[in-house]
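Okay, structure first, notes after.
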Protein chains: 4
Amino acid sequence: MPRGTVLLERLDSAILKENPLGDPTSRDVAVYLPPRYDPMKRYPIVYGIVGYTGTGRSLFNIDPLAEDLASKMDRLIASGKCGPMIIAAPDCFTRVGGNQYVNSSAVGRYEDYLLKEVIPFVESKVRVGRRGIWGKSSGGYGSIIQGMRHPEIFSALADHSGDSVFELCYIQDFAAALAAFRKAGGPKAWLRRFWKQPNRHHSEDHPVLNTLGMAAFYTPNPRSPHMGIDFPFDLKTGEWRPEVWERWRAWDPVNRVARSKAALRRLRLVYIDCGTKDEFNLIWGARTLHAKLGAMGIRHVYEEFEDGHMSITYRYDTSLPLLWRALKA
Amino acid sequence: MPRGTVLLERLDSAILKENPLGDPTSRDVAVYLPPRYDPMKRYPIVYGIVGYTGTGRSLFNIDPLAEDLASKMDRLIASGKCGPMIIAAPDCFTRVGGNQYVNSSAVGRYEDYLLKEVIPFVESKVRVGRRGIWGKSSGGYGSIIQGMRHPEIFSALADHSGDSVFELCYIQDFAAALAAFRKAGGPKAWLRRFWKQPNRHHSEDHPVLNTLGMAAFYTPNPRSPHMGIDFPFDLKTGEWRPEVWERWRAWDPVNRVARSKAALRRLRLVYIDCGTKDEFNLIWGARTLHAKLGAMGIRHVYEEFEDGHMSITYRYDTSLPLLWRALKA
Amino acid sequence: MPRGTVLLERLDSAILKENPLGDPTSRDVAVYLPPRYDPMKRYPIVYGIVGYTGTGRSLFNIDPLAEDLASKMDRLIASGKCGPMIIAAPDCFTRVGGNQYVNSSAVGRYEDYLLKEVIPFVESKVRVGRRGIWGKSSGGYGSIIQGMRHPEIFSALADHSGDSVFELCYIQDFAAALAAFRKAGGPKAWLRRFWKQPNRHHSEDHPVLNTLGMAAFYTPNPRSPHMGIDFPFDLKTGEWRPEVWERWRAWDPVNRVARSKAALRRLRLVYIDCGTKDEFNLIWGARTLHAKLGAMGIRHVYEEFEDGHMSITYRYDTSLPLLWRALKA
Amino acid sequence: MPRGTVLLERLDSAILKENPLGDPTSRDVAVYLPPRYDPMKRYPIVYGIVGYTGTGRSLFNIDPLAEDLASKMDRLIASGKCGPMIIAAPDCFTRVGGNQYVNSSAVGRYEDYLLKEVIPFVESKVRVGRRGIWGKSSGGYGSIIQGMRHPEIFSALADHSGDSVFELCYIQDFAAALAAFRKAGGPKAWLRRFWKQPNRHHSEDHPVLNTLGMAAFYTPNPRSPHMGIDFPFDLKTGEWRPEVWERWRAWDPVNRVARSKAALRRLRLVYIDCGTKDEFNLIWGARTLHAKLGAMGIRHVYEEFEDGHMSITYRYDTSLPLLWRALKA
C-alpha cells in the first residue's frame, strides 16, 4: 500500500505573543500529505483540531489496538473510499489543558491564530483547494463553531462528539472543580500545583482542568482576580451564578444555530455524529443540533453509533471520505 | 439501660385520597416514646421525615455496624445528653420513590397531609409541648422548607445533608434519566417498568427515579402529558428548558432564605450540617445556606463533617440533643 | 391479609463465653410465627442465617422499595404458595463483621452455639417438626456447610448466593486488605480503628473486614500473633502463602461435596441459586456445585437469575415454599 | 537543546514465521539515537520492551500533558544526568494483546525473536557497548525475566511496575474473563469478536484480553482445544484448576529469584520500582522481590512512589540515567 508522509512544520506566532498564560508561541503543525503527493497540484485540505488535552501531533500517535491517522488515510485512499487530501493538524495546546478554538482574553486569541496564522502558514507550504474543518470533542466543538462563524473560510465541517447542551456535559464536573479549587486555594493555585505534578493524568484532575479551561474560554473577564476568569459558581460557597452561566450558554452550539442559518446553508458538508453512550452526555447535544438543523431545513449528515467518547477514531472512516467528497469538487 | 418503646400507629388520610399516583391512604406512623414514658405528661416532639426511598419505620431498622434510632435515643437519654422526647416518623413514601414534603398536583398534597393530618393524629395519641422537624437528605430538605414555611407549627428544625443548590445536586443525574426515559418510552412507561422489577435497588435506576420524583414535586403541571409533570429538558432531544428550571430553582432552599427571614428568626433552632464528601454535592448547598444565614444575621448551628451522604446516623447524636434543648424550655 | 408475629427472644450463651473477641453472650433471636399460630401444634421450622454484616433481626427490616420478610411470609402463606412455617433468625454477629457459622478458635464456637444452644432454646419456645437451614451469602455458605455436616439436624437447606470457589470470590479483596493492614499497623490495629469510626459502611472498608473475617473463620491459629489468625499472604510483602491458602480451600463447599455424598443424599431439599451478575463472582461457585452435584447424582434444585448479589430478597419467594414443602411431610 | 533522532527500521523475522496466531513477521524497531550520534562510536544500548497493548513505537507517542521519550532522553542528556545512549524498541505486539517476552507454543517464540533476531538486527545498524533491558508492566516483567535468564546478554535491567505475585495481580480479572468467554462461546470466539469490534479499548475487554494473553504465555498446551492454551479455571463452571495455576506460578518472578541467584549477581544493575497505588496490585510483587533480593544479598535499587500503574513515564527519569551509568563503564 502506498504511504503518505507526515511532515512536521514549525510556525512562529505573532498573535500568541500576547497570550496571558505564557504558552509557547513557536508551534508544531503536523501535515499529512497523501501518497504520490505532487507539490504542483492543489488538494482539498482538512484542518484537524483535537480534543481537550491533545495536540495536532497526537492524532498521529501509534496504537496497536487501533489505526493511526496516517495509516487510516493511506488505507482509505488506497481503497478508493477517499481521494488524495491533505490534513493539517496544528498545536493549540494551552496551560489550561487544551483549546475551544475561540478568542479569549484569559487564554489567547486562538481563533485568530488558527485563521490568520495557521492557515496562511500551512498554505504557504502546500497548494490547496477547498478547506474543511474536522475534529472530535473540543475539536468537534471548534469545528462546528468555526464552520458557523467562518463559512467564507471553511467549506465543510465535521463535528465528532462535540461539546453541546452545556448543562448536561459540563455541570456534572463542577462540584469536583469547586472542591479541588477550595483545597488548593483557588483556580490559579490549583493549576500551578497541577503542572507541578509529574503525572497529570490522574482521573480526579480531569473535571477540574476541564472546568477551568471551559470557563477560561467562555467567560474570560479581565477584571476577575481568578486568572481573569469568571466562574458560574461562587468559589467559596458554590452558589450558582446564573448571569455567568448565561454567558456560557451563549457559546453553546445549540444556542447558536438559529442565528447561523445563512452560514450553515453555505457549507457543502455539515457532519455531526456522537456515541449513544458518550460519557460526557454529548449525545443529547448532538440530538438537539440534529433536531434544530432539521427544523431549519439545513442539509446535514447525522449519525449515532453505539459507543462512548473515547477511542472512536474509527468514526473518521465515515467523516474523512465525506469531507473529501464535499471539498474536492 | 432503660429502653423506650416504638409504637406503630395507623392513620387513614382523607387528603391523600385524591393522590394521582394511587398511593395508599392508610399509613403507618412509628412513634418512639422515651423510657418511663408517662402518658399524663407533655413531651417535646420531633417529627422525623426521611430521605428519598425511605419511610418512617425504616428509621428504626437494625444494622449491626451502626446504632438503630431507638437504641440511640435510649442511650442519649440515659447519658443525660438528651432529655425525654418523642419522635414521630410518618410514612410519606410514594410511587415516585419518596417525598419532598410539599404539595404537588402530580403526587399529592403531602405538606397538607403532614400538617393537617399526621400532626393532629399523633397529638391525639400523645401529649406534646413544642414541635421540631428533623430529617436527612430529602428529609433535611423537607425540614428546612417546612421550618421556613411554618414557624407557627415547628419551633426548631434540623436539616442534615438536605437538598440545595439544585444545579450541583440534581443536574448530574439528568443524562441518565433522559437515556432511561427514552429507552422505556417515556417517564410513565419507565416508572411502570421500574415497579415491575423484583429488585428496585439497581444503582442505575436511582438517578432516574430521583429525577422523576424531583420533577414531580417541583414542576407539576396538570396539562403535561407526562404524568402531569414538566421536565427541565426536552424528553426527545435533551434540549434544556430554562423556564422549567427556573421553577425548580424557586424551590431551592438557598433561593428562599431571603424571603423567609422573619420565619427563620422565630425558630428556636436552625441546625444544618453536611458531609464534606457528600456524593450529591450537598456540601455546597450547606455552605451557601450558612453564608446566607450568616449575612442575614440569623442564629443557626452549622457543622461540616468529613464523610459522605450515606450511613451518617451518628450525626443525630449532635442534632437530637440540640433539638431537645431548643424544644424543652 | 392475616399477619404473623415477630417475637424477639433473648438467649444467654454459655458456649460464647469463651469467645476471644469479647462479643456479647446475650443474644437476640427473632422468631416469625405464622398467622393463626397455634402453640399446641408442630410447625416446620427454618433457621435463617444472614450474610456478612447482618444479624437475624435485620431480616425483618423495612424497605419501601422491597418487601420485608414478615410481609413476604404473610403473603406467601395467604396465597397458598407456602404453608404455615416458623422462621428463627439468631444473632451471630461478631467483631470481625459477621459469621461463617463454623467453629473457630479466633472467633468463637459458632457452629456449636447454633446447634447446641440456639436450636434447643428456640425449640423450648415453639414446637417444631423438621428443620431447614436457609440463608444468603455467608448465610448461604453456612446453610450448605451445615447441611453437609449435620443432615441429622437439618432436613433441608437453601443456599442463596453462597460463598464458594474461593479463588474467585475472596482473592480479589486481598490487595485492599493488605494495604489497609499495612497502613493501620496490622489486622488488630486496623480492626480497632474500624470500630472507632462512627461510620462503618465506607465501601473501602468492606473488602478489608471481609478478608479479616474469612481468615478468622477458615485459618485460625492460636500461635499466630495476629489475633490468632493465619493469613494467606505475608502481611509485610504480600507474598503468597500457599499452605495457608490450602487450609482455606478445605472450607470451600466445592471441595467438600465429594466427601459429603451420604449427607447430601439424606437431605429432602438441596436448593442453590445465584445471580449471573453476582459482584463477588459467586455464580461460578454455584455452577461448580451444580455440576458436581449433578455428576454425583444428588437431587437438587438449581436456579440462576439475572441479577447481582444485593437486594435479592425476592428470591426467597422461590426457596421458602420449597423449604416448606420439603419440611412439612 | 540538541535533539536525537528516532529511526524506524523494519526487520523480517524467520522465527515468527511459525507463529500460530498469524501475527506479522515483518516488524518495526524504533531506534532512538542520541544528539550528535556518531556512527563510528560505540554506545551503551537499552532494549525497551513495552507493556501489554503497546508496541515499541508507542513509547515515542506525543502527549502534551507529559513528555515523550525522545524529548526526555534529549533533556536528560542535555542536563548531564544521562550520557549518550541508544534505545531500541521492537514491536512485539500479538493478536492476544501484547507480549510477556518468553517463548510460547500458543503465541510464538518471542524470547528467541528478541535475542536471536532483534538484537543482531539492531546491532547490525548501530555499534553498541553493553546492553540493558528496560520496560514497564509486561515490559518490566520481561526485563526481569530476561535479565535473570540471560545475564550473558543483558548487563542491566530495569523493571518498572512489572507483573509479579500473580495471585494478586491476575486472579482479580478471571471472573470477568470467564463471563466473557462463556458469552462469546469460548476464548477463540471471544478473541475473534474482540478484533472485529472497531473500538478495542472498552474497559470491560481489558481483563479478558489480559487473562487470555497471560494464559497463552504461561500455560500453552498444544493439546488444548482452546487455542492451544490451558486456563487455570474450568471454562464452563469456573472450577479452579490448581495444577494449571502451579504452572503459572512457575513463571512468577518472585518464584524464580531463588534459582537465579548467580545470574542476578552478574548484573551491573537490578532496578525495581512500583507505585504504591498500582491498580494491578503490583506493589506487593515489588515488595516481595525487594525482600527476597535483600535476603539473598543481591545488590539492587528499589523505589516506591505514590502513584498508580498508568502515565508514570516520569519514572524513567530515574531508571534511564542509572542504566546509562551501569552500562557505560
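By order of appearance in the C-alpha cells: chains A, B, ..., then residues from 1 within every chain, and ligands from 1 in the order shown.
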Return as CSV the residues of chain C lying at most 8 Å from chain D, together with the closest atom-to-atom pair for each and the distance in Å to one decimal, counting only C-alpha atoms, with rows in chain order and ascending residue number.
residue,atom,partner,partner_atom,distance
C:Val165,CA,D:Glu239,CA,6.5
C:Glu167,CA,D:Trp240,CA,7.2
C:Leu168,CA,D:Ala175,CA,6.4
C:Ile171,CA,D:Gln172,CA,6.9
C:Gln172,CA,D:Gln172,CA,4.7
C:Phe174,CA,D:Leu168,CA,7.2
C:Ala175,CA,D:Asn281,CA,6.2
C:Thr237,CA,D:Thr288,CA,4.9
C:Gly238,CA,D:Trp284,CA,5.0
C:Glu239,CA,D:Thr288,CA,5.8
C:Trp240,CA,D:Val165,CA,7.0
C:Asn281,CA,D:Ala175,CA,6.2
C:Trp284,CA,D:Gly238,CA,5.0
C:Gly285,CA,D:Gly238,CA,7.2
C:Arg287,CA,D:Thr237,CA,5.1
C:Thr288,CA,D:Thr237,CA,4.9
C:Ala291,CA,D:Thr237,CA,7.4
(message) Taking 4 positions as the minimum chain separation for residues in the same chain, which residues sit within 10 Å of Asn99 in chain A when counting only C-alpha atoms? Answer as a PyMOL selection string.
(response) chain A and resi 49-55+91-95+103+107-108+110-111+138-139+141-142+213-214+216-217
(request) Write out as a PyMOL selection string the residues lying within 6 Å of range 218-227 of chain A, counting only C-alpha atoms and excluding same-chain residues fewer than 3 positions away. (result) chain A and resi 105-106+214-215+230+248
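Distance-wise, CA of Arg200 in chain B and CA of Pro187 in chain B end up 15.9 Å apart.
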(message) Need to verify the contact set: Thr25 in chain A, 8 Å, only C-alpha atoms, exclusion of same-chain residues closer than 4 positions in sequence. Can you return it as JSON, numbers by chain?
(response) {"A": [12, 13, 14, 16, 17]}
Given the selection you just returned, output its residues as a file containing N, CA, C and O atoms, formatted as a PDB file, in the first residue's frame.
ATOM      1  N   ASP A  12       6.031  30.300  13.897  1.00  0.00           N
ATOM      2  CA  ASP A  12       6.204  31.267  14.979  1.00  0.00           C
ATOM      3  C   ASP A  12       5.047  32.246  14.943  1.00  0.00           C
ATOM      4  O   ASP A  12       4.858  32.971  13.973  1.00  0.00           O
ATOM      5  N   SER A  13       4.298  32.266  16.022  1.00  0.00           N
ATOM      6  CA  SER A  13       3.066  33.048  16.050  1.00  0.00           C
ATOM      7  C   SER A  13       3.314  34.440  16.613  1.00  0.00           C
ATOM      8  O   SER A  13       3.953  34.590  17.660  1.00  0.00           O
ATOM      9  N   ALA A  14       2.790  35.429  15.938  1.00  0.00           N
ATOM     10  CA  ALA A  14       2.802  36.785  16.500  1.00  0.00           C
ATOM     11  C   ALA A  14       1.584  36.970  17.406  1.00  0.00           C
ATOM     12  O   ALA A  14       1.667  37.571  18.469  1.00  0.00           O
ATOM     13  N   LEU A  16      -0.025  34.883  19.264  1.00  0.00           N
ATOM     14  CA  LEU A  16       0.059  34.246  20.586  1.00  0.00           C
ATOM     15  C   LEU A  16       1.057  34.946  21.502  1.00  0.00           C
ATOM     16  O   LEU A  16       1.150  34.613  22.681  1.00  0.00           O
ATOM     17  N   LYS A  17       1.794  35.879  20.961  1.00  0.00           N
ATOM     18  CA  LYS A  17       2.775  36.572  21.817  1.00  0.00           C
ATOM     19  C   LYS A  17       2.110  37.194  23.024  1.00  0.00           C
ATOM     20  O   LYS A  17       2.702  37.244  24.101  1.00  0.00           O
TER      21      LYS A  17
END
(message) I'd like the contact shell of Ile45 in chain C - 10 Å cut-off, only C-alpha atoms, skipping same-chain residues fewer than 5 positions apart - returned as JSON, numbers by chain.
(response) {"C": [31, 32, 33, 84, 85, 86, 87, 88, 122, 123, 126, 127, 128, 129, 130, 131, 132, 133, 154, 323, 324, 327, 328]}
Write the selection just made, keeping C-alpha atoms, as a PDB file, in the first residue's frame?
ATOM      1  CA  VAL C  31     -38.830 -15.634  65.565  1.00  0.00           C
ATOM      2  CA  TYR C  32     -41.504 -15.318  62.923  1.00  0.00           C
ATOM      3  CA  LEU C  33     -44.723 -17.135  63.830  1.00  0.00           C
ATOM      4  CA  PRO C  84     -47.538 -22.095  57.925  1.00  0.00           C
ATOM      5  CA  MET C  85     -43.901 -22.249  58.976  1.00  0.00           C
ATOM      6  CA  ILE C  86     -41.684 -20.763  61.656  1.00  0.00           C
ATOM      7  CA  ILE C  87     -38.525 -18.845  60.851  1.00  0.00           C
ATOM      8  CA  ALA C  88     -35.963 -18.365  63.604  1.00  0.00           C
ATOM      9  CA  VAL C 122     -35.853 -21.811  70.126  1.00  0.00           C
ATOM     10  CA  GLU C 123     -37.404 -25.235  70.373  1.00  0.00           C
ATOM     11  CA  VAL C 126     -42.084 -23.332  69.983  1.00  0.00           C
ATOM     12  CA  ARG C 127     -42.985 -26.884  68.950  1.00  0.00           C
ATOM     13  CA  VAL C 128     -41.398 -27.859  65.676  1.00  0.00           C
ATOM     14  CA  GLY C 129     -41.345 -30.585  63.087  1.00  0.00           C
ATOM     15  CA  ARG C 130     -38.486 -30.877  60.618  1.00  0.00           C
ATOM     16  CA  ARG C 131     -35.782 -28.251  60.413  1.00  0.00           C
ATOM     17  CA  GLY C 132     -34.360 -26.414  57.452  1.00  0.00           C
ATOM     18  CA  ILE C 133     -31.438 -24.052  57.190  1.00  0.00           C
ATOM     19  CA  PHE C 154     -31.284 -30.224  59.190  1.00  0.00           C
ATOM     20  CA  LEU C 323     -38.426 -25.471  52.084  1.00  0.00           C
ATOM     21  CA  TRP C 324     -41.927 -25.678  53.458  1.00  0.00           C
ATOM     22  CA  LEU C 327     -40.143 -29.996  55.634  1.00  0.00           C
ATOM     23  CA  LYS C 328     -43.867 -30.333  56.113  1.00  0.00           C
TER      24      LYS C 328
END
(request) From the DSSP assignment of the backbone, select every residue of range 9-239 of chain A that is helix (DSSP H, G or I), and format the answer as number ranges by chain. (result) A: 15-18, 56-60, 69-78, 110-125, 138-149, 166-169, 171-184, 187-196, 203-218
(message) So the first atom is CA of Ile229 in chain B and the second is CA of Lys183 in chain B; what is the distance between them in Å, to one decimal place?
(response) 18.6 Å
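Between CA of Leu65 in chain A and CA of Asp205 in chain D the interatomic distance comes to 11.8 Å.
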(message) Please identify the strand (DSSP E or B) residues within range 21-163 of chain C (assignment by DSSP from backbone atoms) and present them as a VMD selection string.
(response) chain C and resid 26 to 33 43 to 49 86 to 90 103 to 104 108 to 109 128 to 136 156 to 160
For the residues in that selection, give me N, CA and C atoms as a CSV table (one decimal), in the first residue's frame.
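And here's part.csv as it stands now:
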chain,number,residue,atom,x,y,z
C,26,SER,N,-25.1,-12.5,75.4
C,26,SER,CA,-26.6,-12.4,75.4
C,26,SER,C,-27.0,-12.0,74.1
C,27,ARG,N,-27.8,-12.8,73.4
C,27,ARG,CA,-28.1,-12.6,72.0
C,27,ARG,C,-29.6,-12.7,71.7
C,28,ASP,N,-30.1,-11.9,70.8
C,28,ASP,CA,-31.4,-11.9,70.3
C,28,ASP,C,-31.6,-13.1,69.3
C,29,VAL,N,-32.8,-13.6,69.4
C,29,VAL,CA,-33.3,-14.5,68.3
C,29,VAL,C,-34.7,-13.9,67.9
C,30,ALA,N,-34.8,-13.6,66.6
C,30,ALA,CA,-36.1,-13.1,66.1
C,30,ALA,C,-36.8,-14.3,65.6
C,31,VAL,N,-38.1,-14.4,66.0
C,31,VAL,CA,-38.8,-15.6,65.6
C,31,VAL,C,-40.1,-15.2,64.9
C,32,TYR,N,-40.2,-15.6,63.6
C,32,TYR,CA,-41.5,-15.3,62.9
C,32,TYR,C,-42.5,-16.5,63.2
C,33,LEU,N,-43.7,-16.1,63.7
C,33,LEU,CA,-44.7,-17.1,63.8
C,33,LEU,C,-45.8,-16.8,62.8
C,43,TYR,N,-44.8,-27.1,63.9
C,43,TYR,CA,-44.7,-26.4,62.6
C,43,TYR,C,-43.3,-26.7,62.0
C,44,PRO,N,-43.2,-26.8,60.7
C,44,PRO,CA,-41.8,-26.9,60.2
C,44,PRO,C,-41.1,-25.6,60.6
C,45,ILE,N,-39.8,-25.7,60.8
C,45,ILE,CA,-39.0,-24.5,61.1
C,45,ILE,C,-37.8,-24.3,60.2
C,46,VAL,N,-37.6,-23.1,59.9
C,46,VAL,CA,-36.4,-22.8,59.1
C,46,VAL,C,-35.5,-21.9,59.9
C,47,TYR,N,-34.3,-22.2,60.0
C,47,TYR,CA,-33.3,-21.4,60.7
C,47,TYR,C,-32.7,-20.4,59.6
C,48,GLY,N,-32.9,-19.2,59.8
C,48,GLY,CA,-32.5,-18.2,58.9
C,48,GLY,C,-31.1,-17.6,59.3
C,49,ILE,N,-30.1,-17.8,58.6
C,49,ILE,CA,-28.8,-17.3,59.0
C,49,ILE,C,-28.4,-16.2,57.9
C,86,ILE,N,-42.4,-21.7,60.8
C,86,ILE,CA,-41.7,-20.8,61.7
C,86,ILE,C,-40.3,-20.4,61.1
C,87,ILE,N,-39.9,-19.2,61.2
C,87,ILE,CA,-38.5,-18.8,60.9
C,87,ILE,C,-37.8,-18.3,62.1
C,88,ALA,N,-36.7,-18.9,62.4
C,88,ALA,CA,-36.0,-18.4,63.6
C,88,ALA,C,-34.6,-17.8,63.1
C,89,ALA,N,-34.4,-16.5,63.5
C,89,ALA,CA,-33.2,-15.9,62.9
C,89,ALA,C,-32.3,-15.4,64.1
C,90,PRO,N,-31.3,-16.2,64.4
C,90,PRO,CA,-30.4,-15.8,65.5
C,90,PRO,C,-29.4,-14.7,65.2
C,103,ASN,N,-17.0,-23.4,63.8
C,103,ASN,CA,-16.2,-23.1,65.0
C,103,ASN,C,-14.9,-22.6,64.6
C,104,SER,N,-14.4,-21.6,65.3
C,104,SER,CA,-13.1,-21.0,65.1
C,104,SER,C,-12.5,-20.6,66.4
C,108,GLY,N,-14.9,-17.9,67.8
C,108,GLY,CA,-15.8,-18.5,68.8
C,108,GLY,C,-16.4,-19.8,68.2
C,109,ARG,N,-17.0,-20.5,69.0
C,109,ARG,CA,-17.6,-21.8,68.5
C,109,ARG,C,-19.0,-21.6,68.1
C,128,VAL,N,-41.8,-27.8,67.1
C,128,VAL,CA,-41.4,-27.9,65.7
C,128,VAL,C,-41.4,-29.3,65.1
C,129,GLY,N,-41.5,-29.3,63.8
C,129,GLY,CA,-41.3,-30.6,63.1
C,129,GLY,C,-39.9,-30.6,62.5
C,130,ARG,N,-39.8,-30.8,61.2
C,130,ARG,CA,-38.5,-30.9,60.6
C,130,ARG,C,-37.9,-29.5,60.5
C,131,ARG,N,-36.5,-29.5,60.5
C,131,ARG,CA,-35.8,-28.3,60.4
C,131,ARG,C,-35.1,-28.0,59.1
C,132,GLY,N,-35.1,-26.8,58.6
C,132,GLY,CA,-34.4,-26.4,57.5
C,132,GLY,C,-33.4,-25.4,57.8
C,133,ILE,N,-32.4,-25.1,57.0
C,133,ILE,CA,-31.4,-24.1,57.2
C,133,ILE,C,-31.3,-23.3,55.9
C,134,TRP,N,-31.3,-22.0,56.0
C,134,TRP,CA,-31.6,-21.1,54.9
C,134,TRP,C,-30.8,-19.8,55.0
C,135,GLY,N,-30.2,-19.3,54.0
C,135,GLY,CA,-29.5,-18.0,54.1
C,135,GLY,C,-28.9,-17.6,52.8
C,136,LYS,N,-28.4,-16.4,52.8
C,136,LYS,CA,-27.8,-15.8,51.6
C,136,LYS,C,-26.4,-15.4,51.9
C,156,ALA,N,-33.2,-30.0,55.3
C,156,ALA,CA,-33.3,-29.3,54.0
C,156,ALA,C,-32.4,-28.1,54.1
C,157,LEU,N,-31.9,-27.6,53.0
C,157,LEU,CA,-31.0,-26.4,53.0
C,157,LEU,C,-31.3,-25.6,51.8
C,158,ALA,N,-31.2,-24.3,52.0
C,158,ALA,CA,-31.3,-23.4,50.8
C,158,ALA,C,-30.1,-22.4,50.9
C,159,ASP,N,-29.3,-22.4,49.9
C,159,ASP,CA,-28.1,-21.7,49.8
C,159,ASP,C,-28.2,-20.6,48.6
C,160,HIS,N,-28.5,-19.4,49.1
C,160,HIS,CA,-28.6,-18.3,48.1
C,160,HIS,C,-27.3,-17.6,48.0
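All residues of protein, DNA or RNA that reach within 10 Å of Thr318 in chain D, judged by only C-alpha atoms and not counting those fewer than 2 positions away in the chain, are D:Leu76, D:Lys81, D:Cys82, D:Tyr271, D:Asp273, D:Glu303, D:Thr313, D:Tyr314, D:Arg315, D:Tyr316, D:Leu320, D:Pro321, D:Leu322, D:Leu323.
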